[in-house]
>>> print(open('run-v4.txt').read())   # compact mmCIF, C-alpha atoms (C1' of nucleotides)
# COMPACT_ATOMS: atom_id res chain seq x y z
CA MET A 19 26.01 -24.20 170.05
CA SER A 20 25.64 -26.20 166.88
CA LEU A 21 26.55 -25.22 163.33
CA SER A 22 23.00 -25.42 162.07
CA TYR A 23 20.84 -22.52 160.95
CA PRO A 24 17.26 -23.76 161.12
CA LYS A 25 14.02 -22.04 160.30
CA LYS A 26 13.20 -20.76 163.73
CA GLU A 27 16.52 -18.96 163.92
CA LYS A 28 15.68 -16.94 160.81
CA LEU A 29 14.29 -13.48 161.06
CA LYS A 30 11.01 -13.40 159.18
CA SER A 31 8.45 -11.31 161.01
CA GLN A 32 7.90 -7.96 159.36
CA LYS A 33 7.07 -6.37 162.71
CA LEU A 34 10.35 -7.40 164.26
CA ILE A 35 12.30 -6.12 161.29
CA GLU A 36 10.62 -2.74 161.40
CA GLN A 37 11.31 -2.52 165.10
CA LEU A 38 14.90 -3.55 164.54
CA PHE A 39 15.61 -0.87 161.99
CA SER A 40 13.91 1.90 163.92
CA GLU A 41 15.36 1.13 167.38
CA GLY A 42 18.39 -1.05 166.78
CA LYS A 43 22.07 -0.19 167.06
CA SER A 44 24.73 -1.24 164.60
CA VAL A 45 28.32 -2.37 164.29
CA SER A 46 30.23 -2.71 161.05
CA ALA A 47 33.27 -4.27 159.44
CA TYR A 48 33.27 -3.08 155.86
CA PRO A 49 31.68 -4.38 153.65
CA LEU A 50 29.48 -5.92 156.34
CA ARG A 51 27.18 -4.14 158.75
CA MET A 52 25.07 -5.63 161.52
CA VAL A 53 22.02 -4.11 163.12
CA TYR A 54 21.07 -5.59 166.48
CA LEU A 55 18.37 -5.20 169.10
CA LYS A 56 17.79 -6.86 172.45
CA SER A 57 14.41 -8.54 172.46
CA GLU A 58 12.22 -11.41 173.69
CA PHE A 59 10.95 -14.34 171.66
CA ASP A 60 8.11 -16.79 172.22
CA GLU A 61 10.00 -19.55 170.48
CA ASP A 62 12.81 -21.49 172.01
CA THR A 63 15.71 -19.67 170.42
CA GLN A 64 18.25 -17.12 171.45
CA PHE A 65 18.86 -15.31 168.17
CA LYS A 66 16.85 -14.43 165.12
CA THR A 67 19.05 -13.46 162.24
CA GLY A 68 18.32 -12.13 158.77
CA VAL A 69 20.52 -11.37 155.81
CA SER A 70 20.07 -8.64 153.25
CA VAL A 71 21.69 -7.31 150.09
CA SER A 72 20.64 -4.08 148.47
CA LYS A 73 18.91 -4.34 145.14
CA ARG A 74 20.43 -1.02 144.20
CA ASN A 75 23.99 -2.29 144.36
CA PHE A 76 23.32 -5.70 142.85
CA LYS A 77 20.83 -5.59 140.06
CA LYS A 78 20.89 -9.26 139.11
CA ALA A 79 19.14 -11.85 141.23
CA VAL A 80 21.99 -14.28 140.78
CA ASP A 81 24.49 -11.92 142.40
CA ARG A 82 22.19 -11.11 145.30
CA ASN A 83 21.50 -14.78 145.97
CA ARG A 84 25.18 -15.56 145.84
CA ILE A 85 26.11 -12.96 148.44
CA LYS A 86 23.22 -13.87 150.71
CA ARG A 87 24.31 -17.48 150.64
CA LEU A 88 27.85 -16.51 151.52
CA LEU A 89 26.65 -14.35 154.39
CA ARG A 90 24.45 -17.13 155.76
CA GLU A 91 27.31 -19.57 155.48
CA GLY A 92 29.71 -17.24 157.24
CA TYR A 93 27.23 -16.62 160.04
CA ARG A 94 26.45 -20.30 160.42
CA LEU A 95 30.07 -21.38 160.75
CA ASN A 96 31.20 -18.62 163.08
CA LYS A 97 28.33 -17.93 165.44
CA GLY A 98 29.28 -20.74 167.83
CA ALA A 99 32.69 -19.29 168.54
CA TYR A 100 31.43 -15.88 169.67
CA PHE A 101 27.94 -16.31 171.06
CA ASN A 102 28.58 -18.76 173.87
CA ASN A 103 28.96 -16.16 176.63
CA ILE A 104 25.99 -14.04 175.62
CA SER A 105 22.98 -14.72 177.80
CA SER A 106 20.18 -12.44 176.57
CA CYS A 107 18.19 -12.64 173.31
CA TYR A 108 18.89 -10.56 170.22
CA THR A 109 17.41 -9.78 166.85
CA LEU A 110 20.08 -9.42 164.22
CA MET A 111 20.24 -8.29 160.59
CA ILE A 112 23.42 -8.57 158.60
CA LEU A 113 23.72 -6.26 155.61
CA TYR A 114 26.16 -6.30 152.74
CA ILE A 115 26.90 -2.67 151.97
CA GLY A 116 29.73 -3.16 149.47
CA LYS A 117 29.20 -2.62 145.79
CA ASP A 118 31.44 -5.28 144.27
CA GLY A 119 31.29 -9.03 144.32
CA THR A 120 33.23 -11.07 146.83
CA ASP A 121 34.31 -14.61 147.73
CA PHE A 122 33.92 -16.83 150.74
CA ASP A 123 37.35 -16.21 152.27
CA SER A 124 36.92 -12.46 152.63
CA VAL A 125 33.33 -12.80 153.86
CA ASN A 126 34.49 -15.34 156.42
CA LYS A 127 37.25 -13.06 157.65
CA LYS A 128 35.02 -10.02 157.93
CA MET A 129 32.28 -12.02 159.60
CA LYS A 130 34.68 -13.03 162.35
CA GLN A 131 35.64 -9.40 162.92
CA LEU A 132 32.03 -8.33 162.95
CA LEU A 133 30.89 -10.94 165.43
CA GLU A 134 33.82 -10.25 167.68
CA THR A 135 33.11 -6.53 167.95
CA PHE A 136 29.46 -7.33 168.49
CA SER A 137 30.10 -9.75 171.33
CA LYS A 138 32.51 -7.32 173.01
CA LYS A 139 30.04 -4.46 172.83
CA VAL A 140 27.20 -6.56 174.18
CA SER A 141 29.15 -8.06 177.08
CA GLN A 142 30.28 -4.60 178.25
CA GLN A 143 26.72 -3.53 178.95
C1' C B 6 40.85 -28.52 103.00
C1' A B 7 39.25 -23.44 103.36
C1' A B 8 35.33 -19.81 103.34
C1' G B 9 30.20 -19.65 103.97
C1' U B 10 24.46 -20.68 104.53
C1' A B 11 20.38 -22.93 107.24
C1' G B 12 19.06 -25.93 111.32
C1' A B 13 19.48 -29.53 115.71
C1' U B 14 21.71 -30.96 120.49
C1' C B 15 24.57 -30.07 124.93
C1' G B 16 26.04 -26.22 128.03
C1' C B 17 31.11 -29.29 133.32
C1' C B 18 31.36 -34.12 136.30
C1' U B 19 32.53 -37.28 140.86
C1' U B 20 33.53 -38.13 146.11
C1' A B 21 33.91 -36.64 151.34
C1' U B 22 32.61 -33.31 155.50
C1' C B 23 29.31 -29.31 157.36
C1' G B 24 24.45 -27.04 156.18
C1' C B 25 19.30 -25.54 153.59
C1' U B 26 14.21 -27.22 151.68
C1' G B 27 9.83 -30.57 150.52
C1' U B 28 7.49 -35.48 150.81
C1' U B 29 7.36 -39.91 153.44
C1' U B 30 8.49 -44.05 157.09
C1' C B 31 9.93 -45.28 162.01
C1' G B 32 10.82 -43.87 167.17
C1' A B 33 10.06 -40.52 171.29
C1' U B 34 7.12 -37.61 173.86
C1' U B 35 6.08 -32.02 176.47
C1' U B 36 0.52 -33.52 170.67
C1' A B 37 3.30 -30.26 167.63
C1' U B 38 7.76 -30.61 168.21
C1' C B 39 12.39 -33.37 168.39
C1' G B 40 15.64 -37.44 166.55
C1' A B 41 16.97 -41.13 162.74
C1' G B 42 16.41 -43.21 157.76
C1' A B 43 14.79 -43.12 152.52
C1' C B 44 13.52 -40.32 148.19
C1' G B 45 13.00 -35.54 145.46
C1' G B 46 14.99 -30.23 144.94
C1' A B 47 16.25 -24.20 139.00
C1' G B 48 16.86 -22.79 132.97
C1' G B 49 17.72 -22.86 127.67
C1' A B 50 16.74 -18.86 128.15
C1' A B 51 14.02 -19.72 134.80
C1' A B 52 15.37 -13.08 132.10
C1' G B 53 12.55 -8.92 129.38
C1' U B 54 7.11 -8.90 130.76
C1' C B 55 6.31 -7.84 124.40
C1' C B 56 1.92 -10.93 122.33
C1' G B 57 -1.72 -15.15 122.92
C1' G B 58 -4.55 -18.37 126.20
C1' A B 59 -6.13 -21.31 130.78
C1' C B 60 -7.92 -19.98 135.63
C1' A B 61 -10.15 -16.30 139.15
C1' C B 62 -12.88 -12.07 140.51
C1' C B 63 -15.48 -7.51 139.10
C1' A B 64 -18.72 -5.15 135.58
C1' U B 65 -22.66 -6.07 132.06
C1' A B 66 -30.82 -5.19 129.40
C1' G B 67 -29.29 -5.32 124.44
C1' U B 68 -26.61 -3.42 120.41
C1' G B 69 -22.51 -1.01 118.26
C1' C B 70 -17.43 -0.12 116.33
C1' A B 71 -18.03 6.45 116.94
C1' A B 72 -13.23 6.98 119.22
C1' U B 73 -8.73 4.20 120.40
C1' C B 74 -5.36 0.29 119.55
C1' A B 75 -3.73 -3.98 116.82
C1' U B 76 -3.33 -6.89 112.36
C1' A B 77 -2.80 -6.81 106.60
C1' G B 78 -0.31 -11.06 99.34
C1' U B 79 -2.62 -16.21 99.07
C1' G B 80 -3.56 -20.94 101.45
C1' G B 81 -3.01 -23.94 105.79
C1' C B 82 -1.85 -25.25 111.35
C1' U B 83 -3.33 -24.19 116.36
C1' A B 84 -7.01 -23.60 122.48
C1' A B 85 -5.27 -18.92 120.69
C1' C B 86 -1.82 -15.40 118.62
C1' A B 87 1.17 -10.13 116.16
C1' G B 88 3.36 -17.26 116.39
C1' C B 89 4.47 -21.44 113.01
C1' C B 90 4.38 -24.03 107.96
C1' A B 91 3.85 -23.86 102.60
C1' U B 92 3.74 -20.75 98.47
C1' C B 93 3.51 -16.31 94.99
C1' C B 94 5.63 -11.44 94.20
C1' A B 95 9.44 -7.68 95.17
C1' U B 96 14.40 -7.07 96.56
C1' C B 97 19.78 -8.37 98.14
C1' G B 98 23.55 -12.24 97.35
C1' C B 99 27.92 -16.01 92.40
C1' G B 100 25.29 -19.47 95.42
C1' A B 101 23.18 -22.34 99.67
C1' G B 102 19.89 -18.62 101.26
C1' G B 103 18.50 -13.64 103.62
C1' U B 104 14.96 -9.53 104.02
C1' G B 105 9.83 -7.41 103.25
C1' A B 106 6.05 -1.78 107.66
C1' G B 107 3.81 -6.86 100.21
C1' G B 108 -4.89 -4.42 101.21
C1' A B 109 -6.50 0.36 98.47
C1' A B 110 -3.66 5.99 94.59
C1' A B 111 -10.61 6.57 89.65
C1' A B 112 -13.24 9.25 97.51
C1' G B 113 -10.50 13.37 99.14
C1' U B 114 -6.17 16.35 101.28
C1' G B 115 -0.90 16.70 101.14
C1' C B 116 4.39 15.83 99.35
C1' A B 117 8.27 15.51 95.33
C1' A B 118 15.66 16.08 94.30
C1' C B 119 18.05 17.46 89.49
C1' A B 120 16.84 19.52 84.78
C1' G B 121 13.30 23.02 82.97
C1' A B 122 10.11 29.36 81.55
C1' A B 123 6.63 26.35 83.97
C1' A B 124 5.44 20.05 87.82
C1' G B 125 -0.19 24.17 87.94
C1' U B 126 -5.34 28.46 89.22
C1' A B 127 1.59 28.36 84.79
C1' U B 128 1.91 30.15 79.99
C1' G B 129 8.54 32.37 78.30
C1' U B 130 11.54 31.76 73.61
C1' A B 131 11.99 30.19 68.36
C1' C B 132 9.39 28.48 64.07
C1' A B 133 4.82 27.31 61.54
C1' G B 134 -0.55 27.64 61.16
C1' G B 135 -5.05 30.25 62.39
C1' U B 136 -8.04 34.67 63.93
C1' C B 137 -10.94 41.11 63.58
C1' A B 138 -7.71 40.17 67.97
C1' U B 139 -5.69 36.91 71.96
C1' G B 140 -1.08 30.76 74.45
C1' C B 141 -6.15 30.06 69.95
C1' U B 142 -3.48 25.40 67.70
C1' G B 143 0.95 22.53 66.57
C1' U B 144 6.26 21.57 66.66
C1' A B 145 11.10 22.28 68.99
C1' G B 146 13.68 22.38 73.82
C1' U B 147 13.89 20.00 79.82
C1' G B 148 12.38 15.67 82.09
C1' A B 149 10.23 9.35 84.13
C1' A B 150 6.05 12.73 83.46
C1' A B 151 4.08 19.07 80.46
C1' C B 152 -2.42 19.20 81.90
C1' C B 153 -3.40 14.54 81.05
C1' A B 154 -2.01 11.13 83.79
C1' G B 155 1.77 8.76 86.91
C1' G B 156 4.67 8.10 91.89
C1' U B 157 4.23 8.28 97.29
C1' A B 158 -0.26 5.20 102.21
C1' A B 159 7.82 3.48 107.50
C1' A B 160 2.03 11.19 105.02
C1' C B 161 -3.03 12.01 106.60
C1' U B 162 -6.81 8.88 104.89
C1' C B 163 -10.08 4.75 103.22
C1' U B 164 -11.28 -0.72 103.42
C1' A B 165 -11.55 -5.51 105.94
C1' U B 166 -11.05 -8.24 110.61
C1' G B 167 -10.59 -8.28 116.01
C1' U B 168 -10.87 -5.99 121.04
C1' G B 169 -15.40 -5.14 128.57
C1' G B 170 -11.86 -4.54 132.89
C1' U B 171 -8.35 -6.23 136.57
C1' G B 172 -4.83 -9.82 137.81
C1' C B 173 -2.49 -15.54 142.13
C1' A B 174 -0.26 -9.31 146.14
C1' A B 175 -6.52 -12.85 141.89
C1' U B 176 -9.77 -15.53 144.99
C1' G B 177 -11.60 -18.73 149.06
C1' U B 178 -11.00 -20.12 154.13
C1' C B 179 -9.28 -20.48 159.59
C1' A B 180 -8.25 -16.89 163.14
C1' U B 181 -4.81 -15.02 168.64
C1' G B 182 -5.34 -10.06 170.35
C1' U B 183 -8.15 -5.47 170.15
C1' A B 184 -11.31 -0.38 169.44
C1' A B 185 -16.09 1.51 168.44
C1' A B 186 -20.99 0.37 167.18
C1' C B 187 -25.21 -3.67 166.93
C1' U B 188 -28.56 -7.81 168.93
C1' A B 189 -30.07 -10.96 173.07
C1' G B 190 -29.78 -12.17 178.23
C1' U B 191 -28.76 -10.46 183.07
C1' G B 192 -27.94 -6.54 186.73
C1' U B 193 -27.61 -1.46 189.77
C1' U B 194 -27.86 -1.45 197.32
C1' U B 195 -33.22 -7.25 197.75
C1' G B 196 -26.29 -6.19 193.92
C1' A B 197 -24.52 -9.23 188.14
C1' G B 198 -19.55 -9.84 188.08
C1' C B 199 -14.26 -9.55 189.84
C1' G B 200 -10.24 -10.48 193.61
C1' U B 201 -8.79 -13.39 197.90
C1' A B 202 -6.50 -21.28 195.36
C1' C B 203 -11.93 -23.39 196.84
C1' A B 204 -16.40 -22.73 200.61
C1' C B 205 -17.66 -19.22 204.41
C1' G B 206 -16.19 -14.51 205.29
C1' C B 207 -13.97 -9.98 203.67
C1' G B 208 -12.82 -6.34 199.93
C1' C B 209 -13.88 -3.94 195.13
C1' G B 210 -18.11 -2.98 192.33
C1' A B 211 -21.97 0.00 187.69
C1' U B 212 -24.61 2.49 180.52
C1' G B 213 -21.33 -2.87 183.85
C1' C B 214 -20.98 -8.30 182.90
C1' U B 215 -21.97 -12.70 179.72
C1' A B 216 -23.19 -14.63 175.01
C1' G B 217 -24.02 -13.93 169.84
C1' A B 218 -23.19 -11.96 165.33
C1' G B 219 -19.77 -8.80 162.93
C1' G B 220 -15.21 -6.98 161.22
C1' G B 221 -10.53 -9.52 159.24
C1' U B 222 -4.75 -6.76 161.55
C1' A B 223 0.02 -10.42 162.82
C1' G B 224 -0.02 -15.17 161.02
C1' G B 225 -1.70 -20.26 159.13
C1' C B 226 -4.16 -23.29 155.25
C1' A B 227 -6.23 -23.88 150.31
C1' G B 228 -5.30 -21.87 145.32
C1' C B 229 -0.06 -24.84 144.21
C1' U B 230 1.24 -27.89 140.43
C1' A B 231 -1.14 -34.13 136.23
C1' A B 232 -0.11 -30.36 132.35
C1' A B 233 -3.51 -27.74 125.21
C1' G B 234 2.42 -32.75 129.64
C1' U B 235 7.42 -35.30 128.12
C1' U B 236 9.99 -39.24 125.27
C1' U B 237 9.90 -43.08 121.53
C1' G B 238 7.48 -45.83 117.58
C1' C B 239 3.65 -46.14 113.74
C1' U B 240 -0.08 -43.74 110.36
C1' A B 241 -1.80 -39.17 107.39
C1' G B 242 0.31 -34.66 105.37
C1' U B 243 5.55 -31.21 101.01
C1' A B 244 5.40 -29.07 106.04
C1' A B 245 3.57 -26.66 110.51
C1' U B 246 0.60 -30.31 112.75
C1' A B 247 -3.04 -34.16 113.79
C1' G B 248 -4.35 -39.22 115.19
C1' U B 249 -2.82 -43.60 117.73
C1' A B 250 0.17 -47.14 120.99
C1' A B 251 3.68 -47.79 124.88
C1' A B 252 6.66 -45.88 128.76
C1' C B 253 7.46 -41.88 132.31
C1' G B 254 4.95 -39.32 136.55
C1' U B 255 9.33 -34.44 136.54
C1' A B 256 10.82 -27.99 142.27
C1' G B 257 6.91 -25.82 145.19
C1' A B 258 10.20 -21.74 148.37
C1' U B 259 7.59 -17.24 150.83
C1' A B 260 13.20 -11.67 154.33
C1' A B 261 12.11 -16.53 149.65
C1' A B 262 15.41 -23.46 149.81
C1' U B 263 20.25 -25.97 145.38
C1' G B 264 25.26 -23.47 149.29
C1' A B 265 30.42 -23.71 151.65
C1' U B 266 35.13 -26.21 152.09
C1' A B 267 38.63 -29.93 150.40
C1' A B 268 40.39 -33.50 146.88
C1' G B 269 40.26 -35.67 142.12
C1' G B 270 38.74 -35.78 137.05
C1' A B 271 36.82 -33.91 132.02
C1' U B 272 37.06 -30.54 127.80
C1' G B 273 39.20 -26.34 125.05
C1' C B 274 43.37 -22.91 124.50
C1' U B 275 48.75 -21.53 125.20
C1' G B 276 53.83 -23.12 126.06
C1' A B 277 57.75 -26.88 126.74
C1' C B 278 59.53 -31.88 126.00
C1' A B 279 59.21 -36.69 123.68
C1' U B 280 57.22 -39.34 119.36
C1' G B 281 55.67 -39.75 113.76
C1' A B 282 56.12 -37.82 108.64
C1' U B 283 58.83 -35.49 105.22
C1' U B 284 60.13 -30.59 101.52
C1' U B 285 65.09 -30.11 107.59
C1' A B 286 61.88 -26.38 109.56
C1' U B 287 57.36 -27.03 108.88
C1' C B 288 53.04 -30.05 109.38
C1' A B 289 50.55 -33.40 112.31
C1' U B 290 49.14 -37.72 115.73
C1' U B 291 49.62 -39.58 120.46
C1' G B 292 51.61 -38.99 125.37
C1' U B 293 53.70 -36.24 129.69
C1' C B 294 54.29 -31.68 132.45
C1' A B 295 53.05 -26.49 133.52
C1' G B 296 49.76 -22.39 133.09
C1' U B 297 44.95 -20.72 131.99
C1' A B 298 39.65 -20.78 130.81
C1' U B 299 34.55 -23.27 131.78
C1' A B 300 29.72 -18.25 129.67
C1' C B 301 24.77 -15.97 130.12
C1' A B 302 22.15 -16.31 134.13
C1' G B 303 17.96 -18.06 139.67
C1' G B 304 11.64 -20.51 139.62
C1' A B 305 7.35 -17.48 142.56
C1' U B 306 -0.25 -19.51 139.41
C1' C B 307 0.47 -22.46 134.91
C1' C B 308 1.01 -23.17 129.60
C1' G B 309 2.10 -21.62 123.80
C1' G B 310 5.14 -18.03 121.33
C1' C B 311 8.36 -13.72 120.44
C1' U B 312 12.67 -10.81 121.84
C1' U B 313 17.27 -10.22 124.14
C1' A B 314 22.02 -12.43 126.81
C1' U B 315 25.36 -16.56 126.24
C1' A B 316 32.56 -19.14 127.22
C1' G B 317 32.75 -23.24 124.65
C1' A B 318 31.61 -28.22 122.53
C1' U B 319 29.08 -31.82 119.27
C1' U B 320 26.35 -32.69 114.87
C1' U B 321 23.11 -32.75 110.09
C1' A B 322 22.04 -30.82 105.24
C1' C B 323 23.63 -27.63 101.56
C1' U B 324 26.70 -23.74 98.62
C1' U B 325 31.26 -21.92 96.51
C1' A B 326 31.90 -16.53 91.74
C1' C B 327 36.67 -14.06 92.14
C1' U B 328 41.35 -15.74 94.35
C1' U B 329 45.02 -19.73 95.89
C1' A B 330 46.83 -24.88 95.46
>>> encode(input="run-v4.txt", output="structure tokens")
Amino acid sequence: MSLSYPKKEKLKSQKLIEQLFSEGKSVSAYPLRMVYLKSEFDEDTQFKTGVSVSKRNFKKAVDRNRIKRLLREGYRLNKGAYFNNISSCYTLMILYIGKDGTDFDSVNKKMKQLLETFSKKVSQQ
RNA sequence: CAAGUAGAUCGCCUUAUCGCUGUUUCGAUUUAUCGAGACGGAGGAAAGUCCGGACACCAUAGUGCAAUCAUAGUGGCUAACAGCCAUCCAUCGCGAGGUGAGGAAAAGUGCAACAGAAAGUAUGUACAGGUCAUGCUGUAGUGAAACCAGGUAAACUCUAUGUGGUGCAAUGUCAUGUAAACUAGUGUUUGAGCGUACACGCGCGAUGCUAGAGGGUAGGCAGCUAAAGUUUGCUAGUAAUAGUAAACGUAGAUAAAUGAUAAGGAUGCUGACAUGAUUUAUCAUUGUCAGUAUACAGGAUCCGGCUUAUAGAUUUACUUACUUA
């Protein structure tokens, strides 16, 4: 799996997101939390992933953008290492539930933890 | 030099690797995707959404300014404005300059510290005058003002001028699937149509089937960036600004693109060392090393303003009373 994160791998459909939040399960590694749901896509892709930061915790657009970029970057660099032995399709949403700012190193570390617990949970089923 | 005043400009840079986004060229095909290359990709406030427009739709016979809101010396600029420029007046400052909610008090209503008997449907004291009699008249005393006016409109009010509403989630357009209703055709045992790959055959089969129009959900496209444009020169004007010539062609995302990592550099500050000057413990230049800092903040239809946030750097013009040398 490559390191890219193209458009078709992004979670955009409002329907899917609603479905995800109402039916999905979650794993977390504070300050990150991931909601996931097994699903089927028309397009040729295995995962659809979105990223979200609460407007309540981060009032300024600059801060929100910053954290979303870090989350995307962390996901992009680490997904290859953990997703290779997963066969079915998933919808994912990664949330930042902390209230303070952060840097790339800690996001990277936590992202690894998060993806590892996710892949373990999924492969058990 | 120092302390100030008013403006203007900038607001980190480079390289490598891995990514994001738009345009375009070439190649491949599974004809809407993939691959490769080239070029472009946040701000001075993009922010607050406070004014003014453009644009769009809705409403509207016409008028209007009742109500509401806004504005308020004078003159000018502008597409327009509550903005900008010039200027008068008031006021603050030694000054450069700052600030102004600067229309009207003889239309009316209200309000007014201290002093004073009393600031108005009031009339006290002393003296003098006058009367048949009486605060009837004058003076003294308080106060800015004593019955006659004045102040106050960041009190009501009056005057003049202006104001239809909603906003790009506007609006237009394409449209998979699907429910009910509508129109047309066709059909109910002489059977439409469906299934069985096709024909035959067999099976299923009835307000059904087909078509149209309609509606407009998920989503796509247009609107969507060439603009009251930017820079420079010249001309007119005290200026805001206008005219003219040349050059430039400047982000278009949509769960929302500018990022991550590494290395190096720049600038400021602090410290140490060396160097220079002398008043020999201070000043100051240059260099080296170490540490530290680099703010406020992210487009969402587009412009002109205003307001607020902002580490630090550069620069122009001007002022300086007291104090110190």
>>> atom_distance(input="run-v4.txt", atom1="C1' of A302 in chain B", atom2="CA of Val80 in chain A")
7.0 Å
>>> interface_residues(input="run-v4.txt", of="chain B", to="chain A", cutoff="10 Å", atoms="only C-alpha atoms (C1' of nucleotides)", output="list in words")
C23, G24, C25, A52, A223, G224, U259, A260, G264, A265, U266, A302 and G303 of chain B
>>> axis_aligned_box(input="run-v4.txt", around="range 42-52 of chain A", padding_each_side="6 Å", output="lines of an AutoDock Vina configuration file")
center_x = 25.8
center_y = -3.1
center_z = 160.4
size_x = 26.9
size_y = 17.7
size_z = 25.4
>>> residues_around(input="run-v4.txt", residues="U291 in chain B", least_positions_apart="3", cutoff="12 Å", atoms="all atoms listed in the file", output="list in words")
A279, U280 and G281 of chain B
>>> atom_distance(input="run-v4.txt", atom1="C1' of A216 in chain B", atom2="C1' of G190 in chain B")
7.7 Å
>>> residues_around(input="run-v4.txt", residues="Tyr54 in chain A", least_positions_apart="5", cutoff="7 Å", atoms="only C-alpha atoms (C1' of nucleotides)", output="ChimeraX atom specification")
/A:38,42-44,108-111
>>> closest_residue(input="run-v4.txt", among="B:C119, B:A71, B:C82, B:A218", to="G242 in chain B", atoms="all atoms listed in the file")
B:C82
>>> residues_near_point(input="run-v4.txt", point="(22.0, -5.0, 150.4)", cutoff="7 Å", atoms="all atoms listed in the file", output="list in words")
Ser70, Val71, Ser72, Lys73, Asn75, Leu113, Tyr114 and Ile115 of chain A
>>> write_last_selection(input="run-v4.txt", atoms="C-alpha atoms", output="short mmCIF file (atom, residue, chain, number, x, y, z; two decimals), in the frame of the given file")
data_model
loop_
_atom_site.label_atom_id
_atom_site.label_comp_id
_atom_site.auth_asym_id
_atom_site.auth_seq_id
_atom_site.Cartn_x
_atom_site.Cartn_y
_atom_site.Cartn_z
CA SER A 70 20.07 -8.64 153.25
CA VAL A 71 21.69 -7.31 150.09
CA SER A 72 20.64 -4.08 148.47
CA LYS A 73 18.91 -4.34 145.14
CA ASN A 75 23.99 -2.29 144.36
CA LEU A 113 23.72 -6.26 155.61
CA TYR A 114 26.16 -6.30 152.74
CA ILE A 115 26.90 -2.67 151.97
#
>>> residues_around(input="run-v4.txt", residues="G148 in chain B", least_positions_apart="3", cutoff="12 Å", atoms="all atoms listed in the file", output="ChimeraX atom specification")
/B:119-121,124,151
>>> residues_around(input="run-v4.txt", residues="A64 in chain B", least_positions_apart="3", cutoff="12 Å", atoms="all atoms listed in the file", output="PDB file with C-alpha atoms (C1' of nucleotides), keeping the file's coordinate frame")
ATOM      1  C1'   G B 169     -15.400  -5.140 128.570  1.00  0.00           C
ATOM      2  C1'   G B 170     -11.860  -4.540 132.890  1.00  0.00           C
ATOM      3  C1'   U B 171      -8.350  -6.230 136.570  1.00  0.00           C
TER       4        U B 171
END
>>> residues_around(input="run-v4.txt", residues="range 29-33 of chain B", least_positions_apart="4", cutoff="9 Å", atoms="all atoms listed in the file", output="mmCIF file with C-alpha atoms (C1' of nucleotides), keeping the file's coordinate frame")
data_model
loop_
_atom_site.group_PDB
_atom_site.id
_atom_site.type_symbol
_atom_site.label_atom_id
_atom_site.label_comp_id
_atom_site.auth_asym_id
_atom_site.auth_seq_id
_atom_site.Cartn_x
_atom_site.Cartn_y
_atom_site.Cartn_z
ATOM 1 C "C1'" C B 39 12.390 -33.370 168.390
ATOM 2 C "C1'" G B 40 15.640 -37.440 166.550
ATOM 3 C "C1'" A B 41 16.970 -41.130 162.740
ATOM 4 C "C1'" G B 42 16.410 -43.210 157.760
ATOM 5 C "C1'" A B 43 14.790 -43.120 152.520
ATOM 6 C "C1'" C B 44 13.520 -40.320 148.190
#
>>> atom_distance(input="run-v4.txt", atom1="C1' of G196 in chain B", atom2="C1' of G210 in chain B")
8.9 Å
>>> closest_residue(input="run-v4.txt", among="A:Cys107, A:Val45, A:Phe101, A:Asn96", to="Phe65 in chain A", atoms="only C-alpha atoms")
A:Cys107
